[in-house]
file final00.pdb (PDB, C-alpha atoms)
ATOM      1  CA  MET A   1       0.000   0.000   0.000
ATOM      2  CA  LYS A   2       1.888   3.035  -1.293
ATOM      3  CA  PRO A   3       0.844   6.522  -0.147
ATOM      4  CA  SER A   4      -0.306   9.139  -2.636
ATOM      5  CA  TYR A   5       0.214  12.874  -2.351
ATOM      6  CA  GLU A   6      -2.860  14.955  -1.583
ATOM      7  CA  LYS A   7      -2.924  18.645  -2.466
ATOM      8  CA  ILE A   8      -5.010  20.571   0.034
ATOM      9  CA  ASP A   9      -6.572  23.713  -1.389
ATOM     10  CA  LYS A  10      -6.018  26.847   0.647
ATOM     11  CA  ASN A  11      -8.901  28.789   2.123
ATOM     12  CA  LYS A  12      -8.616  32.486   1.215
ATOM     13  CA  ASN A  13     -10.607  33.521   4.267
ATOM     14  CA  SER A  14      -8.769  31.408   6.861
ATOM     15  CA  SER A  15      -5.231  30.276   7.690
ATOM     16  CA  PHE A  16      -6.467  26.719   8.348
ATOM     17  CA  LYS A  17      -9.332  24.411   7.333
ATOM     18  CA  VAL A  18     -12.107  22.776   9.342
ATOM     19  CA  ILE A  19     -14.076  20.066   7.547
ATOM     20  CA  GLU A  20     -17.056  18.063   8.792
ATOM     21  CA  HIS A  21     -17.630  14.683   7.135
ATOM     22  CA  LYS A  22     -21.155  13.305   7.428
ATOM     23  CA  ASN A  23     -22.248   9.806   6.395
ATOM     24  CA  GLN A  24     -18.938   9.150   4.700
ATOM     25  CA  GLN A  25     -19.039   5.763   2.973
ATOM     26  CA  GLU A  26     -15.734   5.609   1.099
ATOM     27  CA  TYR A  27     -12.320   5.932   2.692
ATOM     28  CA  ARG A  28      -9.650   8.248   1.338
ATOM     29  CA  PRO A  29      -6.659   6.258   0.024
ATOM     30  CA  TYR A  30      -3.453   5.981   2.060
ATOM     31  CA  HIS A  31      -2.097   9.499   1.515
ATOM     32  CA  PHE A  32       0.079  12.297   2.870
ATOM     33  CA  HIS A  33       0.259  16.081   2.739
ATOM     34  CA  PRO A  34       2.488  18.837   4.186
ATOM     35  CA  GLU A  35      -0.240  20.064   6.520
ATOM     36  CA  PHE A  36      -0.784  18.917  10.096
ATOM     37  CA  GLU A  37      -4.152  17.224  10.601
ATOM     38  CA  ILE A  38      -6.409  16.602  13.588
ATOM     39  CA  VAL A  39      -8.997  13.857  13.013
ATOM     40  CA  ILE A  40     -11.799  13.283  15.525
ATOM     41  CA  ILE A  41     -14.250  10.426  14.858
ATOM     42  CA  THR A  42     -17.764  11.405  15.963
ATOM     43  CA  ARG A  43     -19.531   8.262  14.701
ATOM     44  CA  GLY A  44     -18.476   4.860  13.395
ATOM     45  CA  GLU A  45     -15.528   2.501  13.667
ATOM     46  CA  GLY A  46     -12.929   0.770  11.513
ATOM     47  CA  LYS A  47      -9.208   0.403  10.904
ATOM     48  CA  ARG A  48      -6.610   3.185  11.158
ATOM     49  CA  PHE A  49      -3.270   3.403   9.300
ATOM     50  CA  VAL A  50      -0.703   6.009  10.431
ATOM     51  CA  GLY A  51       2.846   5.489   9.164
ATOM     52  CA  ASP A  52       3.637   1.881  10.035
ATOM     53  CA  HIS A  53       1.040   1.835  12.816
ATOM     54  CA  ILE A  54      -2.158  -0.120  12.217
ATOM     55  CA  GLY A  55      -4.942  -0.086  14.778
ATOM     56  CA  PHE A  56      -8.688   0.213  15.201
ATOM     57  CA  PHE A  57     -10.712   3.373  15.758
ATOM     58  CA  LYS A  58     -14.098   4.106  17.278
ATOM     59  CA  LYS A  59     -16.238   7.068  18.292
ATOM     60  CA  ASN A  60     -14.385   9.907  20.074
ATOM     61  CA  ASP A  61     -10.920   8.720  18.969
ATOM     62  CA  LEU A  62      -8.674  11.666  18.117
ATOM     63  CA  VAL A  63      -5.386  11.542  16.214
ATOM     64  CA  LEU A  64      -2.910  14.323  15.424
ATOM     65  CA  VAL A  65      -0.987  13.602  12.205
ATOM     66  CA  GLY A  66       2.264  15.405  11.365
ATOM     67  CA  GLU A  67       3.439  16.801   8.049
ATOM     68  CA  ASN A  68       3.908  14.275   5.211
ATOM     69  CA  LEU A  69       3.062  11.301   7.447
ATOM     70  CA  PRO A  70       1.031   8.758   5.395
ATOM     71  CA  HIS A  71      -2.354   7.881   6.884
ATOM     72  CA  CYS A  72      -5.892   6.696   6.178
ATOM     73  CA  TRP A  73      -9.020   5.596   8.044
ATOM     74  CA  ILE A  74     -10.980   2.612   6.669
ATOM     75  CA  GLN A  75     -14.492   2.436   8.065
ATOM     76  CA  ASN A  76     -16.639  -0.631   8.586
ATOM     77  CA  ASN A  77     -19.744   1.391   7.723
ATOM     78  CA  GLU A  78     -20.691   5.055   7.454
ATOM     79  CA  ILE A  79     -18.714   7.398   9.689
ATOM     80  CA  ASP A  80     -18.877  11.030  10.792
ATOM     81  CA  ALA A  81     -15.675  12.944  11.484
ATOM     82  CA  VAL A  82     -14.276  16.414  11.992
ATOM     83  CA  VAL A  83     -10.939  17.204  10.324
ATOM     84  CA  ILE A  84      -8.765  20.254  11.082
ATOM     85  CA  GLN A  85      -5.830  20.972   8.747
ATOM     86  CA  PHE A  86      -3.162  23.626   9.252
ATOM     87  CA  SER A  87       0.312  24.329   7.924
ATOM     88  CA  LYS A  88       3.587  24.081   9.800
ATOM     89  CA  GLU A  89       4.287  27.740   9.024
ATOM     90  CA  LEU A  90       1.213  28.810  10.978
ATOM     91  CA  PHE A  91       3.019  27.993  14.228
ATOM     92  CA  PHE A  92       6.708  27.398  13.654
ATOM     93  CA  ASP A  93       7.280  30.501  11.508
ATOM     94  CA  ARG A  94       4.970  32.848  13.370
ATOM     95  CA  ILE A  95       4.064  32.190  16.984
ATOM     96  CA  GLY A  96       5.811  28.897  17.755
ATOM     97  CA  ASP A  97       8.837  30.594  19.323
ATOM     98  CA  LEU A  98       6.734  32.326  21.970
ATOM     99  CA  VAL A  99       7.265  30.822  25.420
ATOM    100  CA  GLU A 100       3.503  30.448  25.824
ATOM    101  CA  PHE A 101       3.512  27.935  22.956
ATOM    102  CA  LYS A 102       6.329  25.764  24.255
ATOM    103  CA  GLU A 103       4.056  22.802  25.035
ATOM    104  CA  VAL A 104       2.126  23.132  21.767
ATOM    105  CA  THR A 105       5.415  23.189  19.827
ATOM    106  CA  ARG A 106       6.491  20.016  21.645
ATOM    107  CA  LEU A 107       3.178  18.356  20.743
ATOM    108  CA  LEU A 108       3.528  19.268  17.059
ATOM    109  CA  SER A 109       7.040  17.826  17.039
ATOM    110  CA  GLN A 110       5.648  14.513  18.335
ATOM    111  CA  ALA A 111       3.098  14.584  15.524
ATOM    112  CA  ASP A 112       5.866  13.510  13.121
ATOM    113  CA  ASN A 113       4.925   9.967  14.147
ATOM    114  CA  GLY A 114       1.216  10.517  14.837
ATOM    115  CA  VAL A 115      -0.313  10.982  18.296
ATOM    116  CA  PHE A 116      -3.461   9.186  19.466
ATOM    117  CA  PHE A 117      -5.757  10.553  22.192
ATOM    118  CA  GLY A 118      -8.301   7.957  23.237
ATOM    119  CA  GLU A 119      -9.970   9.756  26.136
ATOM    120  CA  LEU A 120     -11.241  13.290  25.539
ATOM    121  CA  SER A 121     -12.469  15.621  28.249
ATOM    122  CA  ASP A 122     -15.968  17.051  27.965
ATOM    123  CA  SER A 123     -14.393  20.501  27.608
ATOM    124  CA  LEU A 124     -12.325  19.384  24.608
ATOM    125  CA  LYS A 125     -15.328  17.687  22.983
ATOM    126  CA  LYS A 126     -17.272  20.965  23.258
ATOM    127  CA  LYS A 127     -14.452  22.915  21.615
ATOM    128  CA  LEU A 128     -14.201  20.413  18.764
ATOM    129  CA  LYS A 129     -17.923  20.816  18.169
ATOM    130  CA  LYS A 130     -17.835  24.576  18.615
ATOM    131  CA  ILE A 131     -15.058  25.179  16.082
ATOM    132  CA  LEU A 132     -17.459  24.109  13.319
ATOM    133  CA  GLU A 133     -19.732  27.013  14.180
ATOM    134  CA  LEU A 134     -17.082  29.740  14.506
ATOM    135  CA  GLU A 135     -15.372  31.900  11.918
ATOM    136  CA  GLY A 136     -12.391  34.229  11.663
ATOM    137  CA  PHE A 137     -10.538  35.227  14.811
ATOM    138  CA  GLU A 138     -12.793  33.239  17.158
ATOM    139  CA  ARG A 139     -12.210  30.040  15.160
ATOM    140  CA  PHE A 140      -8.439  30.573  15.328
ATOM    141  CA  ILE A 141      -8.570  31.109  19.105
ATOM    142  CA  CYS A 142     -10.593  27.893  19.414
ATOM    143  CA  LEU A 143      -7.890  26.018  17.464
ATOM    144  CA  LEU A 144      -5.258  27.318  19.884
ATOM    145  CA  GLN A 145      -7.366  26.167  22.832
ATOM    146  CA  ILE A 146      -7.774  22.687  21.304
ATOM    147  CA  LEU A 147      -4.021  22.336  20.725
ATOM    148  CA  ASN A 148      -3.291  23.600  24.225
ATOM    149  CA  ASP A 149      -5.667  21.019  25.729
ATOM    150  CA  LEU A 150      -4.009  18.236  23.709
ATOM    151  CA  ALA A 151      -0.521  19.447  24.634
ATOM    152  CA  HIS A 152      -1.355  19.179  28.342
ATOM    153  CA  SER A 153      -3.067  15.799  28.073
ATOM    154  CA  SER A 154      -1.435  13.043  30.118
ATOM    155  CA  LYS A 155      -3.117  10.233  28.176
ATOM    156  CA  PHE A 156      -1.716   9.850  24.669
ATOM    157  CA  GLU A 157       0.138   7.337  22.523
ATOM    158  CA  VAL A 158       2.719   7.938  19.794
ATOM    159  CA  LEU A 159       1.641   5.721  16.888
ATOM    160  CA  SER A 160       4.204   5.247  14.126
ATOM    161  CA  SER A 161       7.756   4.070  14.839
ATOM    162  CA  PHE A 162      10.631   6.537  14.682
ATOM    163  CA  SER A 163      12.108   4.621  11.751
ATOM    164  CA  PHE A 164       9.117   4.903   9.422
ATOM    165  CA  LYS A 165       9.463   8.492   8.416
ATOM    166  CA  ASN A 166      12.744   9.624   6.928
ATOM    167  CA  GLN A 167      13.527  12.722   8.895
ATOM    168  CA  GLN A 168      16.128  15.380   8.216
ATOM    169  CA  LEU A 169      19.160  13.830   9.811
ATOM    170  CA  LEU A 170      21.872  16.447  10.045
ATOM    171  CA  LYS A 171      20.492  19.007  12.481
ATOM    172  CA  ARG A 172      21.986  17.537  15.677
ATOM    173  CA  ARG A 173      25.201  15.763  16.548
ATOM    174  CA  ILE A 174      23.435  12.455  17.085
ATOM    175  CA  ASP A 175      21.970  12.674  13.594
ATOM    176  CA  LYS A 176      25.358  11.784  12.092
ATOM    177  CA  VAL A 177      24.953   8.402  13.773
ATOM    178  CA  LEU A 178      21.312   8.104  12.702
ATOM    179  CA  ASN A 179      22.418   8.811   9.152
ATOM    180  CA  TYR A 180      24.946   5.969   9.422
ATOM    181  CA  ILE A 181      22.200   3.630  10.693
ATOM    182  CA  TYR A 182      19.737   4.515   7.919
ATOM    183  CA  GLN A 183      22.305   4.253   5.126
ATOM    184  CA  ASN A 184      23.596   0.872   6.336
ATOM    185  CA  MET A 185      20.403  -0.679   7.670
ATOM    186  CA  SER A 186      20.696  -3.752   5.419
ATOM    187  CA  ASN A 187      24.313  -4.348   6.494
ATOM    188  CA  GLU A 188      26.001  -5.077   9.794
ATOM    189  CA  LEU A 189      25.907  -2.064  12.091
ATOM    190  CA  ASP A 190      28.877  -1.760  14.433
ATOM    191  CA  VAL A 191      28.680   0.268  17.638
ATOM    192  CA  ASN A 192      32.442   0.838  17.375
ATOM    193  CA  VAL A 193      31.998   2.529  13.996
ATOM    194  CA  ALA A 194      29.123   4.595  15.361
ATOM    195  CA  ALA A 195      31.291   5.727  18.276
ATOM    196  CA  GLU A 196      34.121   6.680  15.921
ATOM    197  CA  ILE A 197      31.764   8.922  13.942
ATOM    198  CA  LEU A 198      31.439  11.120  17.044
ATOM    199  CA  ASN A 199      35.076  10.631  18.114
ATOM    200  CA  MET A 200      33.995   8.970  21.353
ATOM    201  CA  ASN A 201      34.938   5.734  23.091
ATOM    202  CA  VAL A 202      32.245   3.040  23.093
ATOM    203  CA  SER A 203      31.286   3.482  26.743
ATOM    204  CA  ALA A 204      30.835   7.247  26.426
ATOM    205  CA  PHE A 205      29.007   6.835  23.118
ATOM    206  CA  CYS A 206      26.524   4.296  24.533
ATOM    207  CA  HIS A 207      25.734   6.653  27.414
ATOM    208  CA  TYR A 208      25.310   9.609  25.029
ATOM    209  CA  PHE A 209      23.200   7.624  22.570
ATOM    210  CA  LYS A 210      20.804   6.372  25.229
ATOM    211  CA  LYS A 211      20.493   9.856  26.697
ATOM    212  CA  SER A 212      19.698  11.264  23.226
ATOM    213  CA  THR A 213      17.241   8.590  22.065
ATOM    214  CA  ASN A 214      16.012   6.912  25.286
ATOM    215  CA  ARG A 215      17.137   3.591  23.766
ATOM    216  CA  THR A 216      20.280   1.514  23.683
ATOM    217  CA  PHE A 217      22.079   1.345  20.347
ATOM    218  CA  SER A 218      21.024  -2.274  19.713
ATOM    219  CA  SER A 219      17.360  -1.753  20.646
ATOM    220  CA  PHE A 220      17.226   1.378  18.492
ATOM    221  CA  VAL A 221      18.659  -0.504  15.511
ATOM    222  CA  ASN A 222      16.160  -3.335  15.999
ATOM    223  CA  GLN A 223      13.246  -0.899  16.142
ATOM    224  CA  ILE A 224      14.348   0.821  12.946
ATOM    225  CA  ARG A 225      14.838  -2.482  11.121
ATOM    226  CA  ILE A 226      11.500  -3.924  12.232
ATOM    227  CA  GLY A 227       9.714  -0.667  11.389
ATOM    228  CA  TYR A 228      11.225  -0.800   7.914
ATOM    229  CA  ALA A 229      10.268  -4.471   7.585
ATOM    230  CA  GLY A 230       6.674  -3.619   8.503
ATOM    231  CA  LYS A 231       6.657  -0.970   5.783
ATOM    232  CA  LEU A 232       7.888  -3.526   3.222
ATOM    233  CA  LEU A 233       5.239  -6.033   4.324
ATOM    234  CA  ILE A 234       2.518  -3.443   3.744
ATOM    235  CA  GLU A 235       3.836  -1.893   0.525
ATOM    236  CA  THR A 236       5.467  -4.802  -1.370
ATOM    237  CA  ASP A 237       4.860  -8.408  -2.367
ATOM    238  CA  LYS A 238       8.353  -9.545  -1.295
ATOM    239  CA  ASN A 239       8.465 -12.743   0.719
ATOM    240  CA  VAL A 240       9.393 -12.705   4.401
ATOM    241  CA  SER A 241      12.916 -14.053   3.790
ATOM    242  CA  GLU A 242      13.690 -11.255   1.316
ATOM    243  CA  ILE A 243      12.321  -8.650   3.710
ATOM    244  CA  ALA A 244      14.322 -10.078   6.630
ATOM    245  CA  PHE A 245      17.547  -9.869   4.611
ATOM    246  CA  GLU A 246      16.759  -6.375   3.287
ATOM    247  CA  SER A 247      16.059  -5.219   6.846
ATOM    248  CA  GLY A 248      19.475  -6.378   8.027
ATOM    249  CA  TYR A 249      18.728  -9.836   9.465
ATOM    250  CA  ASN A 250      20.793 -12.777   8.194
ATOM    251  CA  SER A 251      18.802 -15.224  10.317
ATOM    252  CA  LEU A 252      15.112 -15.668   9.538
ATOM    253  CA  SER A 253      14.427 -17.114  12.995
ATOM    254  CA  ASN A 254      16.043 -14.081  14.637
ATOM    255  CA  PHE A 255      14.023 -11.764  12.404
ATOM    256  CA  ASN A 256      10.768 -13.532  13.313
ATOM    257  CA  LYS A 257      11.667 -13.371  16.997
ATOM    258  CA  ARG A 258      12.488  -9.639  16.925
ATOM    259  CA  PHE A 259       9.422  -8.859  14.815
ATOM    260  CA  ARG A 260       7.111 -10.635  17.246
ATOM    261  CA  GLU A 261       8.760  -8.879  20.213
ATOM    262  CA  LEU A 262       8.057  -5.426  18.748
ATOM    263  CA  LYS A 263       4.826  -5.992  16.804
ATOM    264  CA  GLY A 264       3.187  -8.705  18.921
ATOM    265  CA  ILE A 265       2.514 -10.946  15.908
ATOM    266  CA  SER A 266       4.546 -12.757  13.250
ATOM    267  CA  PRO A 267       5.454 -11.086   9.910
ATOM    268  CA  ASN A 268       2.982 -13.311   8.042
ATOM    269  CA  GLU A 269       0.196 -12.491  10.505
ATOM    270  CA  TYR A 270       1.070  -8.788  10.232
ATOM    271  CA  ARG A 271       0.778  -8.871   6.443
ATOM    272  CA  LYS A 272      -2.429 -10.924   6.491
ATOM    273  CA  LYS A 273      -4.051  -8.647   9.045
ATOM    274  CA  TYR A 274      -3.064  -5.261   7.697
ATOM    275  CA  VAL A 275      -2.430  -5.362   3.958
ATOM    276  CA  ILE A 276      -5.425  -4.153   1.988
TER     277      ILE A 276
END

call {"tool": "encode", "arguments": {"input": "final00.pdb", "output": "structure tokens"}}
result
Amino acid sequence: MKPSYEKIDKNKNSSFKVIEHKNQQEYRPYHFHPEFEIVIITRGEGKRFVGDHIGFFKKNDLVLVGENLPHCWIQNNEIDAVVIQFSKELFFDRIGDLVEFKEVTRLLSQADNGVFFGELSDSLKKKLKKILELEGFERFICLLQILNDLAHSSKFEVLSSFSFKNQQLLKRRIDKVLNYIYQNMSNELDVNVAAEILNMNVSAFCHYFKKSTNRTFSSFVNQIRIGYAGKLLIETDKNVSEIAFESGYNSLSNFNKRFRELKGISPNEYRKKYVI
């Protein structure tokens, strides 16, 4: 399942879009766009694809999708939904540097991998309903209030794995190592080589890497490889052995073991369950 690009038309009278879908019967193909997107399901249920995450949605589920992150919702029957779309520039180039927006900026950064909010407060539900009725300045203020509520929520889940989306890799020191991992994912990855890239001994590097990524080097590499393997299972017809080798595993049994550890099911079950 390969994502297609969706061009979102700009609204001349507003810096962002609010769309209400009623009785929607057909799902939009797996797609991406530069705009951030908030999707709140107000009726119905089905299957949700965000990056390499696949799960199920129901009424009152809310997901924040980051720029260019592939996604789609496949309903079991008719659904109702509210969709809010806004550009990165709206915040990061204008008001995102203000200290008052520190938490909102952090939330939007997490949206690179999709963020799921399963439990919504009554106050947030009212704002999501109210934004449909507002226009102009009041609608923009309501958007800020919604993002602020989400940014301060303690109950959320990051959906897609870090490895799914190719991010710009040369902004921080650690990104030189991430670049090495991505470029050599199908080959053997050596922690000694990674340490040399930053001119550090292995012990110091391992401490720095874990502090920067919240993962050990080996667990990070496994997560990236399995995330990539999941992408290949969804988007290609390659057999599991080919995908294991392309993801950097010389042993099929080791690949199956690692895949089950991270995904909870075998590669074949993953493909059978999630490929459309």

call {"tool": "closest_residue", "arguments": {"input": "final00.pdb", "among": "A:Lys17, A:Lys155, A:Arg271, A:Lys129", "to": "A:Lys238", "atoms": "only C-alpha atoms"}}
result
A:Arg271

call {"tool": "resolve_selection", "arguments": {"input": "final00.pdb", "expression": "the PyMOL selection byres ((chain A and resi 101-105) around 12)", "output": "PyMOL selection string"}}
result
chain A and resi 64+66+88-100+106-112+143-153

call {"tool": "resolve_selection", "arguments": {"input": "final00.pdb", "expression": "the PyMOL selection byres ((chain A and resi 79) around 6)", "output": "VMD selection string"}}
result
chain A and resid 23 to 24 43 to 44 78 80

call {"tool": "write_last_selection", "arguments": {"input": "final00.pdb", "atoms": "C-alpha atoms", "output": "short mmCIF file (atom, residue, chain, number, x, y, z; two decimals), in the frame of the given file"}}
result
data_model
loop_
_atom_site.label_atom_id
_atom_site.label_comp_id
_atom_site.auth_asym_id
_atom_site.auth_seq_id
_atom_site.Cartn_x
_atom_site.Cartn_y
_atom_site.Cartn_z
CA ASN A 23 -22.25 9.81 6.40
CA GLN A 24 -18.94 9.15 4.70
CA ARG A 43 -19.53 8.26 14.70
CA GLY A 44 -18.48 4.86 13.40
CA GLU A 78 -20.69 5.06 7.45
CA ASP A 80 -18.88 11.03 10.79
#

call {"tool": "closest_residue", "arguments": {"input": "final00.pdb", "among": "A:Glu119, A:Glu6, A:Glu37, A:Glu157", "to": "A:Lys58", "atoms": "all atoms listed in the file"}}
result
A:Glu119

call {"tool": "atom_distance", "arguments": {"input": "final00.pdb", "atom1": "atom CA of A:Asn76", "atom2": "atom CA of A:Phe32"}}
result
21.9 Å

call {"tool": "closest_residue", "arguments": {"input": "final00.pdb", "among": "A:Asn113, A:Ser266, A:Ser87, A:Asn250", "to": "A:Ile8", "atoms": "all atoms listed in the file"}}
result
A:Ser87

call {"tool": "residues_around", "arguments": {"input": "final00.pdb", "residues": "A:Ile226", "least_positions_apart": "5", "cutoff": "9 Å", "atoms": "only C-alpha atoms", "output": "list of chain:residue names"}}
result
A:Ser163, A:Val221, A:Lys231, A:Ala244, A:Ser247, A:Phe255, A:Arg258, A:Phe259, A:Leu262, A:Lys263

call {"tool": "resolve_selection", "arguments": {"input": "final00.pdb", "expression": "the PyMOL selection byres ((chain A and resi 185-201) around 7)", "output": "JSON list (two decimals) with C-alpha atoms, in the coordinates of the input"}}
result
[["chain", "number", "residue", "atom", "x", "y", "z"],
["A", 177, "VAL", "CA", 24.95, 8.40, 13.77],
["A", 181, "ILE", "CA", 22.20, 3.63, 10.69],
["A", 182, "TYR", "CA", 19.74, 4.51, 7.92],
["A", 183, "GLN", "CA", 22.30, 4.25, 5.13],
["A", 184, "ASN", "CA", 23.60, 0.87, 6.34],
["A", 202, "VAL", "CA", 32.24, 3.04, 23.09],
["A", 203, "SER", "CA", 31.29, 3.48, 26.74],
["A", 204, "ALA", "CA", 30.84, 7.25, 26.43],
["A", 205, "PHE", "CA", 29.01, 6.84, 23.12],
["A", 225, "ARG", "CA", 14.84, -2.48, 11.12],
["A", 245, "PHE", "CA", 17.55, -9.87, 4.61],
["A", 246, "GLU", "CA", 16.76, -6.38, 3.29],
["A", 247, "SER", "CA", 16.06, -5.22, 6.85],
["A", 248, "GLY", "CA", 19.48, -6.38, 8.03]]

call {"tool": "atom_distance", "arguments": {"input": "final00.pdb", "atom1": "atom CA of A:Ser253", "atom2": "atom CA of A:Leu232"}}
result
18.0 Å

call {"tool": "atom_distance", "arguments": {"input": "final00.pdb", "atom1": "atom CA of A:Pro34", "atom2": "atom CA of A:Ser15"}}
result
14.2 Å

call {"tool": "closest_residue", "arguments": {"input": "final00.pdb", "among": "A:Ile84, A:Leu62, A:Ile224, A:Val50", "to": "A:Leu124", "atoms": "only C-alpha atoms"}}
result
A:Leu62

call {"tool": "closest_residue", "arguments": {"input": "final00.pdb", "among": "A:Ser241, A:Asn77, A:Lys22, A:Asn13", "to": "A:Gly46", "atoms": "only C-alpha atoms"}}
result
A:Asn77

call {"tool": "closest_residue", "arguments": {"input": "final00.pdb", "among": "A:Thr213, A:Ser218, A:Asn68, A:Asn11", "to": "A:His31", "atoms": "only C-alpha atoms"}}
result
A:Asn68

call {"tool": "residues_around", "arguments": {"input": "final00.pdb", "residues": "A:Leu159", "least_positions_apart": "3", "cutoff": "8 Å", "atoms": "all atoms listed in the file", "output": "list in words"}}
result
Val50, Gly51, His53, Asn113, Gly114, Val115 and Phe116 of chain A
